[in-house]
Amino acid sequence: MSRFLFVVPPFVGHINPAAAVAAELTRRGHRVAWAGLPGLVEELAGPDADIHPCEVPRDLRRPPELRGAAALRYLWQDFLAPLAMAMAPGVERAAAAFRPDVIVADQQALSGALTAERLGIPYATSATTSAEFSGALAGMPKVDEWIHGLLAGLRAELGDPARTHDPRFSPDLVLAFTTTALTGESAAPPQTRFVGPALARRPDTTPFPWEWLDPARHTVLVSLGTANTDLGGRFLTECAAAVRERSPHLQAVIADLGGVLEGTSDDTVLAVRRMPQLALLRRASAVVCHAGHNTVAESLLHGVPLVVAPIRDDQPVIAAQLTTAGAGIRVRFGRGDRHAIGAALDAVLTAPEYRAAARRVQESFRAAGGAAAAATHLEEVATPIEENEEVAPTGQGEPGRS
């Protein structure tokens, strides 16, 4: 039995894959604990989770108007760096109390990696988005240099100043919850294992009026994730209009966290505050979303093609990967109207190549092993192989490509 401490930021899309891996490790008899924001971790990992609380900055909301370089600067300088500093004392207390054999640090919970290296605890990186493997900053050397300078400053405060590797990539193991069928040839370091999406087995109890679904029509799911509530009113309204113009053969379930469509639901468009996304994906013909990594991966795991409208952060990178793979169409978030959205939906629903590409990615995801493969790789970090010991390959997870 080994002990694994998961260090996660307060973001749903980063905790969900970790929760699936943690559940698999628990099923195998290992001890698992969490360092993070208690309420959110408990909601996603379950009421029995062993949670060691960490502080987070009071207001993690970002100005919704930020885009491009301004959004990237804000993400690092005013978001990730303060989050690392705020979480670090809680992570250290969790490590002292739980005494983990391995720390599993989310790529955006930098305090996990830096605390692990300072305490001499092996750590693995949980990469819930493939954007860091894309080489997106290759053409922006000054931005890349600035980020590395910021990371060096955090290491001086929280980590081991003698270490020189990028703390976003553990030298022992990087778990990437995708495959190269979606990312293409990537800049991932050789210790990366592409395990595909990891989905928790815990049932989603979100209520939903299943009788509303019309089996004679295509069902489209529309979601902009949990972090874009203040941005999505116009776009969701245009999505609803595009679907209503196609009501004889189309219906949509729209995740409307901000309530902008409240009171407008009918037999063609159903606006809900929360949806049981995984259960609905089994019945969906297409998905419209912001190109958030989790929504894209979960859709493709079900063989469902997408229409994506990236907003910021890693979303343009994921959108580019999706369209290059042929499994979806990109529209512009700021200018996408009912005509552009409707035309994109018509294409992914009627042109067979989009669904065929989605199914190719689906097959690669299934073959990669998901939570089970990730758990096996973590077990290997917890019990290092002696230099002279020969071990047959596990066949789980797709190795990284440099």
# chains A, B, ... in the order shown; residues from 1 in each chain; ligands from 1
>>> residues_around(residues="Ala319 in chain A", least_positions_apart="4", cutoff="9 Å", atoms="only C-alpha atoms", output="tab-separated table (two decimals) with all heavy atoms, in the first residue's frame")
chain	number	residue	atom	x	y	z
A	290	HIS	N	-16.74	25.90	-25.51
A	290	HIS	CA	-15.67	26.90	-25.53
A	290	HIS	C	-14.30	26.29	-25.79
A	290	HIS	O	-13.29	26.99	-25.68
A	290	HIS	CB	-15.65	27.66	-24.20
A	290	HIS	CG	-15.44	26.75	-23.02
A	290	HIS	ND1	-16.21	25.62	-22.81
A	290	HIS	CD2	-14.56	26.79	-22.00
A	290	HIS	CE1	-15.81	25.02	-21.71
A	290	HIS	NE2	-14.80	25.70	-21.19
A	291	ALA	N	-14.25	25.00	-26.13
A	291	ALA	CA	-12.99	24.27	-26.33
A	291	ALA	C	-12.23	24.08	-25.03
A	291	ALA	O	-11.00	23.98	-25.02
A	291	ALA	CB	-12.09	24.94	-27.38
A	292	GLY	N	-12.96	24.02	-23.91
A	292	GLY	CA	-12.33	23.60	-22.67
A	292	GLY	C	-11.90	22.15	-22.79
A	292	GLY	O	-12.61	21.32	-23.37
A	296	VAL	N	-14.15	18.93	-24.34
A	296	VAL	CA	-13.73	18.36	-25.62
A	296	VAL	C	-13.38	16.88	-25.46
A	296	VAL	O	-13.82	16.03	-26.25
A	296	VAL	CB	-12.53	19.15	-26.19
A	296	VAL	CG1	-11.91	18.42	-27.38
A	296	VAL	CG2	-12.98	20.54	-26.62
A	308	VAL	N	-16.66	24.46	-31.73
A	308	VAL	CA	-15.97	25.10	-30.62
A	308	VAL	C	-15.79	26.59	-30.89
A	308	VAL	O	-15.51	27.01	-32.01
A	308	VAL	CB	-14.60	24.44	-30.34
A	308	VAL	CG1	-14.80	23.04	-29.78
A	308	VAL	CG2	-13.72	24.40	-31.57
A	309	ALA	N	-15.93	27.37	-29.80
A	309	ALA	CA	-15.75	28.82	-29.87
A	309	ALA	C	-14.81	29.20	-28.72
A	309	ALA	O	-15.26	29.58	-27.64
A	309	ALA	CB	-17.08	29.53	-29.73
A	310	PRO	N	-13.50	29.09	-28.92
A	310	PRO	CA	-12.55	29.35	-27.83
A	310	PRO	C	-12.60	30.80	-27.37
A	310	PRO	O	-12.81	31.72	-28.18
A	310	PRO	CB	-11.20	28.99	-28.44
A	310	PRO	CG	-11.39	29.13	-29.92
A	310	PRO	CD	-12.81	28.74	-30.19
A	314	ASP	N	-5.98	28.20	-22.70
A	314	ASP	CA	-5.59	27.09	-23.55
A	314	ASP	C	-6.61	26.78	-24.62
A	314	ASP	O	-6.38	25.93	-25.49
A	314	ASP	CB	-5.37	25.84	-22.70
A	314	ASP	CG	-6.63	25.39	-21.98
A	314	ASP	OD1	-7.54	26.22	-21.79
A	314	ASP	OD2	-6.71	24.21	-21.59
A	315	GLN	N	-7.76	27.45	-24.59
A	315	GLN	CA	-8.86	27.07	-25.48
A	315	GLN	C	-8.54	27.23	-26.97
A	315	GLN	O	-8.90	26.34	-27.76
A	315	GLN	CB	-10.12	27.86	-25.10
A	315	GLN	CG	-10.61	27.52	-23.70
A	315	GLN	CD	-11.42	28.61	-23.05
A	315	GLN	OE1	-11.95	29.50	-23.72
A	315	GLN	NE2	-11.52	28.57	-21.73
A	323	THR	N	-9.64	20.83	-34.63
A	323	THR	CA	-9.91	21.01	-36.06
A	323	THR	C	-8.85	20.32	-36.92
A	323	THR	O	-9.17	19.78	-37.98
A	323	THR	CB	-9.99	22.51	-36.42
A	323	THR	OG1	-8.79	23.17	-35.98
A	323	THR	CG2	-11.18	23.16	-35.73
A	324	THR	N	-7.61	20.31	-36.45
A	324	THR	CA	-6.56	19.58	-37.18
A	324	THR	C	-6.86	18.09	-37.20
A	324	THR	O	-6.62	17.41	-38.21
A	324	THR	CB	-5.18	19.84	-36.55
A	324	THR	OG1	-4.91	21.24	-36.59
A	324	THR	CG2	-4.09	19.09	-37.29
A	328	GLY	N	-14.08	18.47	-35.57
A	328	GLY	CA	-14.96	19.58	-35.23
A	328	GLY	C	-14.68	20.80	-36.07
A	328	GLY	O	-13.76	20.82	-36.90
A	329	ILE	N	-15.46	21.84	-35.83
A	329	ILE	CA	-15.37	23.11	-36.54
A	329	ILE	C	-15.25	24.23	-35.53
A	329	ILE	O	-15.90	24.21	-34.48
A	329	ILE	CB	-16.63	23.34	-37.42
A	329	ILE	CG1	-16.68	22.31	-38.54
A	329	ILE	CG2	-16.65	24.75	-38.00
A	329	ILE	CD1	-17.94	22.39	-39.38
A	330	ARG	N	-14.43	25.22	-35.84
A	330	ARG	CA	-14.25	26.37	-34.97
A	330	ARG	C	-15.05	27.56	-35.49
A	330	ARG	O	-15.05	27.84	-36.69
A	330	ARG	CB	-12.76	26.74	-34.90
A	330	ARG	CG	-12.46	27.99	-34.08
A	330	ARG	CD	-10.97	28.24	-33.99
A	330	ARG	NE	-10.66	29.46	-33.26
A	330	ARG	CZ	-9.45	29.79	-32.83
A	330	ARG	NH1	-8.44	28.97	-33.06
A	330	ARG	NH2	-9.25	30.90	-32.16
>>> residues_around(residues="Leu40 in chain A", least_positions_apart="3", cutoff="12 Å", atoms="only C-alpha atoms", output="PyMOL selection string")
chain A and resi 8-16+19+34-37+43-47+49+51+53-54
>>> residues_around(residues="Ser247 in chain A", least_positions_apart="2", cutoff="12 Å", atoms="only C-alpha atoms", output="PyMOL selection string")
chain A and resi 214+216-220+240-245+249-252+266-269+342
>>> select_by_dssp(residues="range 138-343 of chain A", states="strand (DSSP E)", output="ChimeraX atom specification")
/A:174-176,192-194,218-223,250-255,269-272,286-289,306-308,328-330
>>> select_by_dssp(residues="range 1-238 of chain A", states="alpha helix (DSSP H)", output="PyMOL selection string")
chain A and resi 12-27+38-45+68-75+81-98+110-119+141-158+180-183+233-238
>>> closest_residue(among="A:Ala124, A:Ile318, A:Ala373, A:Asp166", to="Thr295 in chain A", atoms="only C-alpha atoms")
A:Ile318
>>> atom_distance(atom1="CA of Thr350 in chain A", atom2="CA of Val317 in chain A")
25.6 Å
>>> atom_distance(atom1="CA of His52 in chain A", atom2="CA of Gly90 in chain A")
7.0 Å
>>> closest_residue(among="A:Thr376, A:Asn294, A:Thr383, A:Thr115", to="Pro161 in chain A", atoms="only C-alpha atoms")
A:Thr115
>>> residues_around(residues="range 2-7 of chain A", least_positions_apart="6", cutoff="7 Å", atoms="only C-alpha atoms", output="list in words")
His30, Arg31, Val32, Ala33, Trp34, Ala35, Gly36, Pro100, Asp101, Val102, Ile103, Val104, Ala105, Asp106, Ala109, Gly112 and Ala382 of chain A
>>> write_last_selection(atoms="all heavy atoms", output="compact mmCIF listing (two decimals), in the first residue's frame")
# COMPACT_ATOMS: atom_id res chain seq x y z
N HIS A 30 -4.74 1.53 -2.00
CA HIS A 30 -3.82 2.58 -1.59
C HIS A 30 -4.54 3.63 -0.75
O HIS A 30 -5.77 3.74 -0.79
CB HIS A 30 -3.19 3.25 -2.81
CG HIS A 30 -2.41 2.31 -3.68
ND1 HIS A 30 -1.21 1.75 -3.27
CD2 HIS A 30 -2.65 1.81 -4.92
CE1 HIS A 30 -0.75 0.96 -4.23
NE2 HIS A 30 -1.61 0.97 -5.24
N ARG A 31 -3.77 4.43 -0.02
CA ARG A 31 -4.31 5.56 0.74
C ARG A 31 -4.21 6.81 -0.11
O ARG A 31 -3.16 7.07 -0.73
CB ARG A 31 -3.55 5.74 2.05
CG ARG A 31 -3.79 4.67 3.10
CD ARG A 31 -5.10 4.90 3.85
NE ARG A 31 -5.20 6.23 4.43
CZ ARG A 31 -4.63 6.60 5.57
NH1 ARG A 31 -3.89 5.74 6.27
NH2 ARG A 31 -4.78 7.85 6.03
N VAL A 32 -5.28 7.60 -0.12
CA VAL A 32 -5.32 8.83 -0.91
C VAL A 32 -5.78 9.98 -0.03
O VAL A 32 -6.70 9.82 0.79
CB VAL A 32 -6.28 8.69 -2.11
CG1 VAL A 32 -6.53 10.03 -2.78
CG2 VAL A 32 -5.73 7.69 -3.13
N ALA A 33 -5.13 11.12 -0.16
CA ALA A 33 -5.57 12.33 0.53
C ALA A 33 -5.50 13.50 -0.46
O ALA A 33 -4.90 13.38 -1.55
CB ALA A 33 -4.71 12.61 1.76
N TRP A 34 -6.13 14.61 -0.08
CA TRP A 34 -6.22 15.78 -0.95
C TRP A 34 -5.73 17.02 -0.22
O TRP A 34 -5.96 17.18 0.99
CB TRP A 34 -7.67 16.02 -1.37
CG TRP A 34 -8.26 14.92 -2.18
CD1 TRP A 34 -8.81 13.76 -1.72
CD2 TRP A 34 -8.36 14.88 -3.60
NE1 TRP A 34 -9.25 13.00 -2.77
CE2 TRP A 34 -8.99 13.65 -3.94
CE3 TRP A 34 -8.00 15.75 -4.63
CZ2 TRP A 34 -9.25 13.29 -5.24
CZ3 TRP A 34 -8.26 15.39 -5.93
CH2 TRP A 34 -8.87 14.17 -6.24
N ALA A 35 -5.09 17.92 -0.95
CA ALA A 35 -4.79 19.26 -0.47
C ALA A 35 -5.44 20.22 -1.46
O ALA A 35 -5.10 20.24 -2.64
CB ALA A 35 -3.28 19.50 -0.41
N GLY A 36 -6.41 20.99 -0.95
CA GLY A 36 -7.14 21.88 -1.84
C GLY A 36 -8.26 22.60 -1.10
O GLY A 36 -8.27 22.65 0.14
N PRO A 100 2.97 11.42 2.48
CA PRO A 100 2.76 10.70 1.22
C PRO A 100 4.04 10.10 0.66
O PRO A 100 5.15 10.62 0.87
CB PRO A 100 2.25 11.80 0.28
CG PRO A 100 2.86 13.05 0.82
CD PRO A 100 2.88 12.87 2.31
N ASP A 101 3.87 8.99 -0.06
CA ASP A 101 4.98 8.44 -0.83
C ASP A 101 5.16 9.21 -2.13
O ASP A 101 6.27 9.30 -2.67
CB ASP A 101 4.71 6.96 -1.15
CG ASP A 101 4.61 6.13 0.10
OD1 ASP A 101 5.62 6.02 0.81
OD2 ASP A 101 3.52 5.59 0.38
N VAL A 102 4.04 9.72 -2.66
CA VAL A 102 4.05 10.48 -3.92
C VAL A 102 3.06 11.64 -3.79
O VAL A 102 1.96 11.46 -3.26
CB VAL A 102 3.65 9.60 -5.12
CG1 VAL A 102 3.60 10.42 -6.41
CG2 VAL A 102 4.60 8.43 -5.28
N ILE A 103 3.46 12.81 -4.27
CA ILE A 103 2.53 13.93 -4.41
C ILE A 103 2.13 13.99 -5.88
O ILE A 103 2.98 13.95 -6.78
CB ILE A 103 3.17 15.25 -3.95
CG1 ILE A 103 3.28 15.27 -2.42
CG2 ILE A 103 2.38 16.45 -4.45
CD1 ILE A 103 3.94 16.51 -1.86
N VAL A 104 0.84 14.07 -6.12
CA VAL A 104 0.32 14.22 -7.48
C VAL A 104 -0.13 15.67 -7.61
O VAL A 104 -1.14 16.08 -7.03
CB VAL A 104 -0.86 13.27 -7.76
CG1 VAL A 104 -1.29 13.36 -9.22
CG2 VAL A 104 -0.49 11.83 -7.40
N ALA A 105 0.66 16.47 -8.31
CA ALA A 105 0.46 17.92 -8.35
C ALA A 105 -0.14 18.33 -9.68
O ALA A 105 0.44 18.09 -10.74
CB ALA A 105 1.79 18.63 -8.14
N ASP A 106 -1.30 18.96 -9.61
CA ASP A 106 -1.88 19.53 -10.83
C ASP A 106 -0.93 20.57 -11.40
O ASP A 106 -0.24 21.28 -10.67
CB ASP A 106 -3.23 20.17 -10.51
CG ASP A 106 -3.94 20.68 -11.75
OD1 ASP A 106 -3.66 21.83 -12.17
OD2 ASP A 106 -4.76 19.93 -12.32
N ALA A 109 -1.45 23.85 -9.92
CA ALA A 109 -1.25 23.95 -8.46
C ALA A 109 0.24 23.86 -8.21
O ALA A 109 0.77 22.84 -7.75
CB ALA A 109 -2.02 22.85 -7.73
N GLY A 112 2.18 22.35 -5.17
CA GLY A 112 2.35 20.91 -5.00
C GLY A 112 3.71 20.45 -5.46
O GLY A 112 4.43 19.74 -4.74
N ALA A 382 5.70 5.27 -7.04
CA ALA A 382 5.72 4.99 -5.60
C ALA A 382 6.66 3.84 -5.25
O ALA A 382 7.20 3.79 -4.14
CB ALA A 382 4.31 4.66 -5.12
>>> decode(residues="range 110-150 of chain A", atoms="N, CA and C atoms", output="CSV table (one decimal), in the first residue's frame")
chain,number,residue,atom,x,y,z
A,110,LEU,N,1.0,24.9,-8.5
A,110,LEU,CA,2.4,24.9,-8.5
A,110,LEU,C,3.0,24.6,-7.1
A,111,SER,N,2.2,25.0,-6.1
A,111,SER,CA,2.7,24.7,-4.7
A,111,SER,C,2.9,23.2,-4.5
A,112,GLY,N,2.2,22.4,-5.2
A,112,GLY,CA,2.3,20.9,-5.0
A,112,GLY,C,3.7,20.5,-5.5
A,113,ALA,N,4.1,20.9,-6.7
A,113,ALA,CA,5.4,20.5,-7.2
A,113,ALA,C,6.5,21.1,-6.4
A,114,LEU,N,6.4,22.4,-6.1
A,114,LEU,CA,7.5,23.0,-5.4
A,114,LEU,C,7.7,22.5,-3.9
A,115,THR,N,6.6,22.3,-3.2
A,115,THR,CA,6.7,21.7,-1.9
A,115,THR,C,7.3,20.3,-1.9
A,116,ALA,N,6.9,19.5,-2.9
A,116,ALA,CA,7.4,18.2,-3.1
A,116,ALA,C,8.9,18.2,-3.2
A,117,GLU,N,9.4,19.1,-4.1
A,117,GLU,CA,10.9,19.1,-4.4
A,117,GLU,C,11.6,19.6,-3.2
A,118,ARG,N,11.1,20.5,-2.4
A,118,ARG,CA,11.8,21.1,-1.3
A,118,ARG,C,11.8,20.0,-0.1
A,119,LEU,N,10.8,19.2,0.0
A,119,LEU,CA,10.7,18.2,1.0
A,119,LEU,C,11.3,16.8,0.6
A,120,GLY,N,11.7,16.8,-0.7
A,120,GLY,CA,12.4,15.5,-1.2
A,120,GLY,C,11.4,14.4,-1.4
A,121,ILE,N,10.1,14.8,-1.7
A,121,ILE,CA,9.1,13.7,-2.0
A,121,ILE,C,8.9,13.6,-3.5
A,122,PRO,N,8.9,12.4,-4.0
A,122,PRO,CA,8.7,12.2,-5.4
A,122,PRO,C,7.3,12.8,-5.8
A,123,TYR,N,7.2,13.4,-7.0
A,123,TYR,CA,5.9,13.9,-7.4
A,123,TYR,C,5.7,13.6,-8.9
A,124,ALA,N,4.4,13.5,-9.2
A,124,ALA,CA,4.0,13.4,-10.6
A,124,ALA,C,3.1,14.6,-11.0
A,125,THR,N,3.2,15.0,-12.2
A,125,THR,CA,2.4,16.1,-12.7
A,125,THR,C,1.1,15.6,-13.3
A,126,SER,N,0.0,16.2,-12.9
A,126,SER,CA,-1.3,15.9,-13.5
A,126,SER,C,-1.6,17.1,-14.5
A,127,ALA,N,-1.5,16.7,-15.8
A,127,ALA,CA,-1.7,17.7,-16.8
A,127,ALA,C,-3.1,17.6,-17.4
A,128,THR,N,-4.1,18.4,-17.0
A,128,THR,CA,-5.4,18.2,-17.4
A,128,THR,C,-5.7,19.0,-18.7
A,129,THR,N,-4.7,19.6,-19.3
A,129,THR,CA,-4.9,20.2,-20.6
A,129,THR,C,-3.6,19.9,-21.4
A,130,SER,N,-3.7,19.8,-22.7
A,130,SER,CA,-2.6,19.5,-23.5
A,130,SER,C,-1.9,20.8,-24.0
A,131,ALA,N,-2.4,21.9,-23.6
A,131,ALA,CA,-1.8,23.2,-24.2
A,131,ALA,C,-0.3,23.4,-23.9
A,132,GLU,N,0.1,22.9,-22.7
A,132,GLU,CA,1.5,23.1,-22.3
A,132,GLU,C,2.4,22.2,-23.2
A,133,PHE,N,1.9,21.2,-23.9
A,133,PHE,CA,2.7,20.4,-24.8
A,133,PHE,C,2.7,20.9,-26.2
A,134,SER,N,2.0,22.0,-26.5
A,134,SER,CA,1.8,22.4,-27.9
A,134,SER,C,2.9,23.2,-28.5
A,135,GLY,N,3.8,23.7,-27.6
A,135,GLY,CA,4.8,24.7,-28.1
A,135,GLY,C,4.2,26.0,-28.5
A,136,ALA,N,3.1,26.4,-27.9
A,136,ALA,CA,2.4,27.6,-28.3
A,136,ALA,C,3.2,28.8,-28.1
A,137,LEU,N,4.2,28.8,-27.2
A,137,LEU,CA,5.0,30.0,-26.9
A,137,LEU,C,6.3,30.0,-27.7
A,138,ALA,N,6.5,29.0,-28.6
A,138,ALA,CA,7.7,28.9,-29.3
A,138,ALA,C,8.0,30.2,-30.1
A,139,GLY,N,7.0,30.9,-30.6
A,139,GLY,CA,7.2,32.1,-31.3
A,139,GLY,C,7.2,33.3,-30.5
A,140,MET,N,7.1,33.2,-29.1
A,140,MET,CA,7.1,34.3,-28.2
A,140,MET,C,8.2,34.1,-27.1
A,141,PRO,N,9.4,34.2,-27.5
A,141,PRO,CA,10.5,33.9,-26.6
A,141,PRO,C,10.5,34.8,-25.4
A,142,LYS,N,10.1,36.1,-25.5
A,142,LYS,CA,10.1,37.0,-24.3
A,142,LYS,C,9.0,36.6,-23.3
A,143,VAL,N,7.9,36.2,-23.8
A,143,VAL,CA,6.8,35.7,-22.9
A,143,VAL,C,7.3,34.4,-22.2
A,144,ASP,N,7.9,33.5,-23.0
A,144,ASP,CA,8.4,32.3,-22.4
A,144,ASP,C,9.4,32.6,-21.3
A,145,GLU,N,10.3,33.5,-21.6
A,145,GLU,CA,11.4,33.9,-20.6
A,145,GLU,C,10.7,34.5,-19.4
A,146,TRP,N,9.7,35.3,-19.6
A,146,TRP,CA,9.0,36.0,-18.4
A,146,TRP,C,8.4,34.9,-17.5
A,147,ILE,N,7.7,33.9,-18.1
A,147,ILE,CA,7.1,32.9,-17.3
A,147,ILE,C,8.1,32.1,-16.5
A,148,HIS,N,9.2,31.8,-17.2
A,148,HIS,CA,10.3,31.0,-16.5
A,148,HIS,C,10.9,31.9,-15.4
A,149,GLY,N,11.0,33.2,-15.5
A,149,GLY,CA,11.4,34.0,-14.5
A,149,GLY,C,10.5,34.0,-13.3
A,150,LEU,N,9.2,34.1,-13.6
A,150,LEU,CA,8.2,34.0,-12.5
A,150,LEU,C,8.3,32.7,-11.8
